[in-house]
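> Here it is, the structure in full.
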Amino acid sequence: MKKLFFTFLTLLFSSFIMAQASGNINYQHQQSYNNNTIDINFSSNTDIIVSVKGLANIKADAYTAIFSITQTGKTTKEVDELMDQRITQSLNEIKLKKGVETFVDMISFVPVYEYETEKKVFNRKTYNEVPAGFELKKNIHIKFVDPAQLNEFISILSNYEIYDLVRVDYFSTELEAVKKEMMTKAKLLVQEKVKNYQELLGETFTNAEKKITDDYIVSLPVEMYKSYEAYNSSSLSLKKANINQINKSVTLYYQPIFNKEFDFVINPAVLEPVIQIQYQVKIAITREKKPSSKTDKEFILVTPNGDLKTLNMNTPRQN
């Protein structure tokens, strides 16, 4: 019997360095978050729609980084002891940092298999799965307030062969306050737009039928990374040749929502990844229908001779 082993490497150090602000999750999903547009509409028979849209850029005041760690071994005891040693030693160093909290999340503990080849005379090779040991997966959650500390965590964890940064979540205690501020700004702008429409049309919307709707969208930095490939392939035409192209490097960049389509923007300058809030309010105005003028009734008199004579009923009586 000849044993054939397969090794799977899941700790990608080079990818980890490039994805410090978002996490390796974006390398797999290749920016799958696309719904960043507020969808609020009215029926098509509305006369006037007044819309105000705002954007707020909020710097996070807390972060949570999630690192994935995998340990394999021949026995359950061996796997558990090796994993516990790596996590305990690394977290002891991380907990010395100011304002840091940690949590270890159990993910999976399963047996792993390898292929064993069985070769018979005059027959093809047969590959059989056989138990090879156990695999333990856990996630380390690290909450911190200083974004510069992330590089320190990288240095510590890499000493214990923990490289896979899954994602970084951003949090802010100002979200509700900013939402209220956006509502206030939008209210003033809506009132200003309605007043402007009334002046342009020379009428008032006081007795007009009105409907209102609004909505928010909160976009986190992990959702706003896009991927691209920067390379230049050869222009040589080799139609009849077999061409083996090398894998091109794929990287990520942070792409925030631009402020060009908004009526107002809170904190317009963006330097680092931020939490972005969009707020939109719409008012539908159906103006009063003017009563249609009634046509005056016409009376016709038929004379004894059979002639038709139109009578004017609006002629004032003479005394």
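Lettering and numbering for the structure tokens are positional, with chains as A, B, ... in the shown order, residues counted from 1 in each chain, and ligands counted from 1 in the shown order.
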Could you pull out all residues of segment 166-278 of chain A with a DSSP call of alpha helix (DSSP H) and give them as a PyMOL selection string?

chain A and resi 175-201

> For the residues in the current selection, export N, CA, C and O atoms as a short mmCIF file (atom, residue, chain, number, x, y, z; two decimals), in the first residue's frame.


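The new file selection14.cif reads:
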```cif
data_model
loop_
_atom_site.label_atom_id
_atom_site.label_comp_id
_atom_site.auth_asym_id
_atom_site.auth_seq_id
_atom_site.Cartn_x
_atom_site.Cartn_y
_atom_site.Cartn_z
N LEU A 175 -24.50 56.94 15.80
CA LEU A 175 -25.40 56.67 14.68
C LEU A 175 -26.78 57.31 14.87
O LEU A 175 -27.31 57.95 13.97
N GLU A 176 -27.38 57.11 16.04
CA GLU A 176 -28.73 57.64 16.27
C GLU A 176 -28.75 59.16 16.26
O GLU A 176 -29.68 59.77 15.72
N ALA A 177 -27.72 59.78 16.86
CA ALA A 177 -27.65 61.24 16.87
C ALA A 177 -27.50 61.79 15.45
O ALA A 177 -28.12 62.81 15.10
N VAL A 178 -26.70 61.13 14.64
CA VAL A 178 -26.50 61.58 13.26
C VAL A 178 -27.78 61.40 12.45
O VAL A 178 -28.13 62.25 11.62
N LYS A 179 -28.51 60.31 12.68
CA LYS A 179 -29.77 60.11 11.98
C LYS A 179 -30.76 61.25 12.28
O LYS A 179 -31.44 61.75 11.37
N LYS A 180 -30.85 61.65 13.53
CA LYS A 180 -31.74 62.76 13.91
C LYS A 180 -31.30 64.06 13.24
O LYS A 180 -32.13 64.85 12.79
N GLU A 181 -29.98 64.29 13.20
CA GLU A 181 -29.46 65.49 12.54
C GLU A 181 -29.80 65.49 11.05
O GLU A 181 -30.16 66.53 10.48
N MET A 182 -29.72 64.33 10.43
CA MET A 182 -30.05 64.23 9.00
C MET A 182 -31.53 64.50 8.76
O MET A 182 -31.90 65.15 7.77
N MET A 183 -32.39 64.02 9.65
CA MET A 183 -33.83 64.26 9.52
C MET A 183 -34.14 65.75 9.62
O MET A 183 -34.97 66.28 8.87
N THR A 184 -33.48 66.44 10.55
CA THR A 184 -33.70 67.87 10.72
C THR A 184 -33.27 68.65 9.49
O THR A 184 -33.99 69.54 9.01
N LYS A 185 -32.09 68.33 8.96
CA LYS A 185 -31.60 69.01 7.76
C LYS A 185 -32.52 68.74 6.57
O LYS A 185 -32.84 69.65 5.78
N ALA A 186 -32.96 67.50 6.44
CA ALA A 186 -33.83 67.15 5.32
C ALA A 186 -35.18 67.87 5.42
O ALA A 186 -35.73 68.31 4.40
N LYS A 187 -35.70 68.00 6.62
CA LYS A 187 -36.98 68.68 6.83
C LYS A 187 -36.91 70.13 6.35
O LYS A 187 -37.81 70.61 5.65
N LEU A 188 -35.84 70.83 6.71
CA LEU A 188 -35.70 72.24 6.30
C LEU A 188 -35.57 72.36 4.79
O LEU A 188 -36.14 73.27 4.18
N LEU A 189 -34.83 71.44 4.18
CA LEU A 189 -34.65 71.50 2.73
C LEU A 189 -35.94 71.16 1.98
O LEU A 189 -36.23 71.75 0.94
N VAL A 190 -36.73 70.23 2.50
CA VAL A 190 -38.01 69.90 1.89
C VAL A 190 -38.93 71.11 1.93
O VAL A 190 -39.59 71.45 0.93
N GLN A 191 -39.01 71.77 3.07
CA GLN A 191 -39.86 72.95 3.21
C GLN A 191 -39.43 74.04 2.23
O GLN A 191 -40.27 74.73 1.64
N GLU A 192 -38.13 74.19 2.07
CA GLU A 192 -37.61 75.20 1.14
C GLU A 192 -37.97 74.86 -0.30
O GLU A 192 -38.34 75.73 -1.09
N LYS A 193 -37.86 73.57 -0.66
CA LYS A 193 -38.20 73.17 -2.03
C LYS A 193 -39.69 73.32 -2.31
O LYS A 193 -40.09 73.77 -3.39
N VAL A 194 -40.54 72.96 -1.34
CA VAL A 194 -41.99 73.10 -1.52
C VAL A 194 -42.36 74.57 -1.72
O VAL A 194 -43.16 74.92 -2.59
N LYS A 195 -41.75 75.44 -0.92
CA LYS A 195 -42.01 76.88 -1.04
C LYS A 195 -41.59 77.38 -2.42
O LYS A 195 -42.28 78.20 -3.04
N ASN A 196 -40.47 76.88 -2.91
CA ASN A 196 -39.99 77.31 -4.22
C ASN A 196 -40.94 76.86 -5.33
O ASN A 196 -41.23 77.62 -6.26
N TYR A 197 -41.47 75.63 -5.24
CA TYR A 197 -42.43 75.15 -6.22
C TYR A 197 -43.70 76.00 -6.21
O TYR A 197 -44.28 76.30 -7.27
N GLN A 198 -44.17 76.38 -5.03
CA GLN A 198 -45.38 77.19 -4.93
C GLN A 198 -45.19 78.54 -5.60
O GLN A 198 -46.07 79.04 -6.30
N GLU A 199 -44.01 79.14 -5.39
CA GLU A 199 -43.73 80.44 -6.01
C GLU A 199 -43.64 80.32 -7.53
O GLU A 199 -44.12 81.19 -8.26
N LEU A 200 -43.02 79.24 -8.02
CA LEU A 200 -42.88 79.06 -9.46
C LEU A 200 -44.23 78.83 -10.13
O LEU A 200 -44.49 79.31 -11.24
N LEU A 201 -45.12 78.09 -9.46
CA LEU A 201 -46.43 77.77 -10.03
C LEU A 201 -47.48 78.83 -9.72
O LEU A 201 -48.57 78.83 -10.31
#
```

> How close does each residue of segment 35-92 of chain A get to segment 253-267 of chain A, giving the shortest atom pair and distance in Å to one decimal for every residue with an atom at most 9 Å away, counting only C-alpha atoms, sorted by chain and residue number, as JSON lines?


```
{"residue": "A:Asn36", "atom": "CA", "partner": "A:Ile257", "partner_atom": "CA", "distance": 8.4}
{"residue": "A:Val52", "atom": "CA", "partner": "A:Asp263", "partner_atom": "CA", "distance": 6.1}
{"residue": "A:Lys53", "atom": "CA", "partner": "A:Phe262", "partner_atom": "CA", "distance": 5.2}
{"residue": "A:Gly54", "atom": "CA", "partner": "A:Phe264", "partner_atom": "CA", "distance": 5.0}
{"residue": "A:Leu55", "atom": "CA", "partner": "A:Val265", "partner_atom": "CA", "distance": 4.8}
{"residue": "A:Ala56", "atom": "CA", "partner": "A:Ile266", "partner_atom": "CA", "distance": 4.5}
{"residue": "A:Asn57", "atom": "CA", "partner": "A:Asn267", "partner_atom": "CA", "distance": 5.5}
{"residue": "A:Ile58", "atom": "CA", "partner": "A:Asn267", "partner_atom": "CA", "distance": 7.4}
```

> Excluding segment 308-311 of chain A and residues on its chain fewer than 3 positions from it, collect all residues at most 8 Å away from it, counting only C-alpha atoms, and give them as a list of chain:residue names.

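Here the answer would be A:Glu298, A:Phe299, A:Ile300, A:Leu301, A:Val302, A:Thr303.
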
> Can you write just those residues out, N, CA, C and O atoms, as a PDB file, in the first residue's frame?


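Written file, out.pdb:
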```pdb
ATOM      1  N   GLU A 298     -79.498  75.290 -22.955  1.00  0.00           N
ATOM      2  CA  GLU A 298     -80.143  75.946 -24.094  1.00  0.00           C
ATOM      3  C   GLU A 298     -81.593  75.458 -24.229  1.00  0.00           C
ATOM      4  O   GLU A 298     -81.831  74.247 -24.246  1.00  0.00           O
ATOM      5  N   PHE A 299     -82.519  76.403 -24.293  1.00  0.00           N
ATOM      6  CA  PHE A 299     -83.939  76.078 -24.421  1.00  0.00           C
ATOM      7  C   PHE A 299     -84.429  76.457 -25.826  1.00  0.00           C
ATOM      8  O   PHE A 299     -84.121  77.544 -26.334  1.00  0.00           O
ATOM      9  N   ILE A 300     -85.147  75.550 -26.439  1.00  0.00           N
ATOM     10  CA  ILE A 300     -85.652  75.768 -27.791  1.00  0.00           C
ATOM     11  C   ILE A 300     -87.189  75.709 -27.765  1.00  0.00           C
ATOM     12  O   ILE A 300     -87.778  74.763 -27.219  1.00  0.00           O
ATOM     13  N   LEU A 301     -87.829  76.729 -28.357  1.00  0.00           N
ATOM     14  CA  LEU A 301     -89.290  76.822 -28.418  1.00  0.00           C
ATOM     15  C   LEU A 301     -89.757  76.435 -29.820  1.00  0.00           C
ATOM     16  O   LEU A 301     -89.242  76.922 -30.822  1.00  0.00           O
ATOM     17  N   VAL A 302     -90.727  75.548 -29.838  1.00  0.00           N
ATOM     18  CA  VAL A 302     -91.326  75.149 -31.117  1.00  0.00           C
ATOM     19  C   VAL A 302     -92.619  75.947 -31.298  1.00  0.00           C
ATOM     20  O   VAL A 302     -93.553  75.843 -30.487  1.00  0.00           O
ATOM     21  N   THR A 303     -92.671  76.786 -32.317  1.00  0.00           N
ATOM     22  CA  THR A 303     -93.842  77.634 -32.569  1.00  0.00           C
ATOM     23  C   THR A 303     -94.973  76.800 -33.182  1.00  0.00           C
ATOM     24  O   THR A 303     -94.743  75.690 -33.685  1.00  0.00           O
TER      25      THR A 303
END
```

> Using only C-alpha atoms, determine which residues lie at most 9 Å from Lys143 of chain A, disregarding the query and same-chain residues fewer than 3 positions distant; provide the list as a short mmCIF file (atom, residue, chain, number, x, y, z; two decimals) with C-alpha atoms, in the first residue's frame.


```
data_model
loop_
_atom_site.label_atom_id
_atom_site.label_comp_id
_atom_site.auth_asym_id
_atom_site.auth_seq_id
_atom_site.Cartn_x
_atom_site.Cartn_y
_atom_site.Cartn_z
CA ALA A 62 -14.80 50.92 18.13
CA TYR A 63 -13.68 47.98 16.01
CA THR A 64 -13.88 44.19 16.16
CA ALA A 65 -11.32 42.12 14.26
CA ILE A 66 -11.98 38.41 13.69
CA GLY A 99 -8.85 49.11 25.86
CA VAL A 100 -8.83 45.62 24.35
CA GLU A 101 -11.42 42.87 24.88
CA THR A 102 -11.19 39.32 23.48
CA PHE A 103 -13.52 36.40 22.84
#
```

> Please run DSSP on the backbone and report, as a VMD selection string, all residues within segment 156-288 of chain A that come out as strand (DSSP E).

chain A and resid 164 to 171 209 to 219 225 to 229 250 to 254 264 to 266 275 to 286

> Quick one: pull the distance between atom CA of Leu157 of chain A and atom CA of Lys98 of chain A, Å, one decimal.

16.9 Å
